[in-house]
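What follows is a single structure, written as structure tokens, with notes after it.
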Amino acid sequence: MRLFALPFTSNNKTKVSNNLQIYPNSGIKKQKDMKHFFLAVTILLSKLAFGQTDQYSEVVKYYNTEKNFNGAVLVATNGQIDYLTGIGVSNRQSGTTMDAKTKFKIASITKSFTAVLILQLYQQGKIDLNANFGKYYPTYKGEAKDKVTIKHLLTYSSGIPNSVEKLEMKPYQLLLSIDEFIDKYCSGKLEFTPGEKSNYSNTEYTILHKIIENVSNKSFSSLLQENILNPLKMENTGLLNSKDIIPGLTSSYTIEDSTNLITSDQPYFIENYFGSAAMYSTVEDLLKFNNGIFNYTLFNESTTKLIIKPNEKLDNAALSGLWYSDGYGIFNKPFTYRTGGLLGSCSNWIHSIGDKKTIIVFNNTNGTNLYEFSEQLYLVSTGQKATIPSPNK
């Protein structure tokens, strides 16, 4: 909850009767009364804010102790932070603990950054969303080149097979250039007519990464820095490379389903995920990105409305890499959402459109239901009581 001062305008002033005698010190008394009034209001709001903070903390502590949550949490209203914390273990080998500034692999939340770069090129008139993507990627070797549009790629409806899914981590354990990766894993024959349905995969956004570089004549990392990270002052976000040492980047851990044992993630080359899942960030930086979209900083208003508009025929996928829902579970108002999951690196980002609540949760294990966790945080943010077991139980 944010503290605020009640406005005192001419409409609040009390009229004085012509028959009322005014004493010299009455003005001073009124000023003292007003000071006491504002002090009382401030104290009341402070108590409410601290009470809400305690409720958030109870929820976070419960998910840490009972649900394997080790990560960072942010709740905001209208782009302003209401609650921010980090909890748990960042590196189990050294015993390093989490804080709100800890950096995380954000996995598929990366896709929304890729979508923004594509849509900025669209707004600049450099890309036609309805054009076949071969226009911008003439060396692509698959049959999708002249049948699949940019819009199909953005909404996971290209029909290009998700070849890597059955291979699990193998495609990411041999370092490949983006051209080699696309040729090997993203160029198969179409499995269904483009636009017929949405079939989520990393394939489309790996291709979009390549298209961004072709159209801009810049590296993905450079354009990301110039067009998003610098303007939004996102100083703790970037594209990952397995050779890089990123200060403050958490390790991630996989919880085995059968044994509940926590192990280090198996090794892989994060750069092989390209524009589909290869970025890192903090919860505060992601709020800046959230605000950049919904406050019309990254796009004009008409483009923003276009990119968050859901496509009902394609599982409500929006052009921004987000999904849209009219309401689900405790989130009973329209919201957009984006999840990320890469072994133990798991993330959840929800923006409730009507009441402008933003909830961002990053975790370094795969053992927590982050949507359920976000629902509990949303209850507290809207003045309701969380439905977790009480501490004494």
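Residue names in the structure tokens use chain letters A, B, ... in the order shown, residue numbers from 1 in each chain, and ligand numbers from 1 in the order shown.
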
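Omitting Val215 of chain A and its sequence neighbours fewer than 6 positions away, and counting only C-alpha atoms, the residues within 10 Å are Ile118, Leu121, Lys126, Ile127, Lys135, Tyr136 and Tyr137 of chain A.
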
Contacts of Ser198 of chain A at 6 Å (only C-alpha atoms; same-chain gap of 6+ positions) as a PDB file with N, CA and C atoms, in the first residue's frame:
```pdb
ATOM      1  N   TYR A 156       2.778 -18.470 -32.294  1.00  0.00           N
ATOM      2  CA  TYR A 156       3.065 -19.914 -32.211  1.00  0.00           C
ATOM      3  C   TYR A 156       2.164 -20.737 -33.141  1.00  0.00           C
ATOM      4  N   SER A 157       1.752 -20.140 -34.236  1.00  0.00           N
ATOM      5  CA  SER A 157       0.788 -20.821 -35.119  1.00  0.00           C
ATOM      6  C   SER A 157       1.363 -21.085 -36.505  1.00  0.00           C
ATOM      7  N   LEU A 314      -6.494 -18.739 -31.342  1.00  0.00           N
ATOM      8  CA  LEU A 314      -5.139 -19.247 -31.116  1.00  0.00           C
ATOM      9  C   LEU A 314      -4.810 -19.243 -29.630  1.00  0.00           C
TER      10      LEU A 314
END
```

### Polymer residues at most 10 Å from Asn236 of chain A, only C-alpha atoms, same-chain spacing of 2 or more positions, as a PyMOL selection string
chain A and resi 101-104+229+233-234+238+246-249+280-286

### Query
Could you pull the residues within 10 Å of Ile388 of chain A, counting only C-alpha atoms, minus those fewer than 3 positions along the same chain, as number ranges by chain?
A: 58-59, 62-63, 373, 376, 385, 391

For the selection just defined, write its residues with C-alpha atoms to a file, as an mmCIF file, in the first residue's frame.
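Saved result, out20.cif, follows:
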```cif
data_model
loop_
_atom_site.group_PDB
_atom_site.id
_atom_site.type_symbol
_atom_site.label_atom_id
_atom_site.label_comp_id
_atom_site.auth_asym_id
_atom_site.auth_seq_id
_atom_site.Cartn_x
_atom_site.Cartn_y
_atom_site.Cartn_z
ATOM 1 C CA GLU A 58 3.379 -14.553 5.710
ATOM 2 C CA VAL A 59 2.508 -15.743 2.208
ATOM 3 C CA TYR A 62 4.755 -20.149 3.713
ATOM 4 C CA TYR A 63 5.825 -20.816 0.110
ATOM 5 C CA PHE A 373 1.570 -18.324 -5.315
ATOM 6 C CA GLN A 376 -2.263 -15.477 -2.935
ATOM 7 C CA LYS A 385 -7.193 -12.414 3.141
ATOM 8 C CA PRO A 391 1.021 -20.096 10.979
#
```

#### Entry: Residue contacts of Lys210 of chain A (10 Å, only C-alpha atoms) excluding same-chain residues fewer than 2 positions away, as a PyMOL selection string
chain A and resi 136-137+140+178-179+182+205-208+212-215+219-220+274-275

#### Entry: From A:Asn348, A:Ser216, A:Thr155, A:Leu84, residue lying nearest Leu129 of chain A [only C-alpha atoms]
A:Thr155

### Query
What's the 12 Å shell around Ser94 of chain A, counting only C-alpha atoms, without same-chain residues fewer than 3 positions away, as a ChimeraX atom specification?
/A:89-91,97,250-251

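The coordinates place atom CA of Gln123 of chain A at 28.7 Å from atom CA of Phe181 of chain A.
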